[in-house]
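What follows is a short report on a single structure.
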Amino acid sequence: MRHCYRHAASLALVGWYLMVPPATPLMHPMSPISWWIHLGKYDTEKECDQALAEMYRKNEQAGFKMEGVNPEEVKRSYSLAQCIATDDPRLKGN
């Protein structure tokens, strides 16, 4: 029974990052996740998913604008956005 409590406690420490791949022609959108841009940190996956949905909504209204970057690059980058657990091993890089 004690093991279950430790497991639950470790899960409670995991947060979530809302991340997008770099939106520049020099960086491929399938760059390693460790190179992606953090747009926010959330306590739960549900909160992150809600922020992701809101980001999509706002960017559709704004037309995917980002100063100095082609709007199609931004749209492609944002379409690949993900919620990623803070303990995901891919964040450590190579």
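Labeling convention for the structure tokens: chains A, B, ... as they appear, residues from 1 per chain, ligands from 1 in order of appearance.
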
Legend entry - Distance query A:Ile33 at most 12 Å, only C-alpha atoms, self and fewer than 2 positions along chain excluded, as a PyMOL selection string: chain A and resi 17-22+27-31+35-38+80-86+88-94

Output C-alpha atoms for every residue in the selection just made, as an mmCIF file, in the first residue's frame.
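Saved file selection_15.cif follows:
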```cif
data_model
loop_
_atom_site.group_PDB
_atom_site.id
_atom_site.type_symbol
_atom_site.label_atom_id
_atom_site.label_comp_id
_atom_site.auth_asym_id
_atom_site.auth_seq_id
_atom_site.Cartn_x
_atom_site.Cartn_y
_atom_site.Cartn_z
ATOM 1 C CA TYR A 17 4.541 22.475 -20.824
ATOM 2 C CA LEU A 18 2.700 23.915 -23.797
ATOM 3 C CA MET A 19 5.359 23.803 -26.509
ATOM 4 C CA VAL A 20 5.737 24.571 -30.221
ATOM 5 C CA PRO A 21 8.548 23.788 -32.616
ATOM 6 C CA PRO A 22 10.588 26.792 -33.802
ATOM 7 C CA MET A 27 14.710 25.158 -37.951
ATOM 8 C CA HIS A 28 12.809 22.131 -39.168
ATOM 9 C CA PRO A 29 9.414 21.751 -37.421
ATOM 10 C CA MET A 30 10.389 18.226 -36.449
ATOM 11 C CA SER A 31 13.343 19.491 -34.433
ATOM 12 C CA TRP A 35 14.701 22.693 -28.942
ATOM 13 C CA TRP A 36 11.004 23.619 -28.919
ATOM 14 C CA ILE A 37 9.702 26.865 -27.422
ATOM 15 C CA HIS A 38 7.867 26.807 -24.069
ATOM 16 C CA LEU A 80 2.328 20.921 -34.235
ATOM 17 C CA ALA A 81 2.037 22.383 -30.708
ATOM 18 C CA GLN A 82 1.778 19.839 -27.903
ATOM 19 C CA CYS A 83 1.338 19.508 -24.180
ATOM 20 C CA ILE A 84 4.388 17.674 -22.880
ATOM 21 C CA ALA A 85 4.954 16.396 -19.352
ATOM 22 C CA THR A 86 7.783 18.179 -17.554
ATOM 23 C CA ASP A 88 9.381 13.721 -20.527
ATOM 24 C CA PRO A 89 12.874 12.358 -21.308
ATOM 25 C CA ARG A 90 12.827 14.067 -24.740
ATOM 26 C CA LEU A 91 13.179 17.436 -22.970
ATOM 27 C CA LYS A 92 16.682 16.524 -21.846
ATOM 28 C CA GLY A 93 18.001 16.588 -25.424
ATOM 29 C CA ASN A 94 20.847 14.572 -26.816
#
```

Inset, instruction - Could you tell me which of A:Thr24, A:Gln50, A:Thr44, A:Ser34 comes closest to A:Pro71 if we count only C-alpha atoms? - result: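 Checking each of A:Thr24, A:Gln50, A:Thr44, A:Ser34 against A:Pro71, counting only C-alpha atoms, the winner is A:Thr24.
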
Inset, instruction - Could you check how far atom CA of A:Lys46 sits from atom CA of A:Glu73, in Å to one decimal? - result: 27.2 Å

Inset, instruction - Please provide the set of residues having any atom within 10 Å of A:Ala51, restricted to only C-alpha atoms, with same-chain residues fewer than 5 positions apart removed, written as a list in words. - result: Leu18, Leu39, Gly40, Lys41, Tyr42, Glu45, Lys46, Tyr56, Arg57 and Cys83 of chain A

Would you mind exporting C-alpha atoms of the selected residues as an mmCIF file, in the first residue's frame?
```cif
data_model
loop_
_atom_site.group_PDB
_atom_site.id
_atom_site.type_symbol
_atom_site.label_atom_id
_atom_site.label_comp_id
_atom_site.auth_asym_id
_atom_site.auth_seq_id
_atom_site.Cartn_x
_atom_site.Cartn_y
_atom_site.Cartn_z
ATOM 1 C CA LEU A 18 2.700 23.915 -23.797
ATOM 2 C CA LEU A 39 4.679 28.852 -24.280
ATOM 3 C CA GLY A 40 3.461 28.050 -20.781
ATOM 4 C CA LYS A 41 3.648 25.701 -17.808
ATOM 5 C CA TYR A 42 0.561 24.126 -16.224
ATOM 6 C CA GLU A 45 -2.675 18.046 -18.492
ATOM 7 C CA LYS A 46 -6.259 19.303 -18.643
ATOM 8 C CA TYR A 56 -5.432 27.670 -31.572
ATOM 9 C CA ARG A 57 -8.533 29.851 -31.297
ATOM 10 C CA CYS A 83 1.338 19.508 -24.180
#
```

Inset, instruction - Please indicate the distance in Å from atom CA of A:Glu67 to atom CA of A:Asp49, rounded to one decimal place. - result: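 These two atoms are separated by 25.7 Å.
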
Inset, instruction - Could you tell me how far atom CA of A:Met55 lies from atom CA of A:Trp16, in Å and to one decimal? - result: 15.2 Å
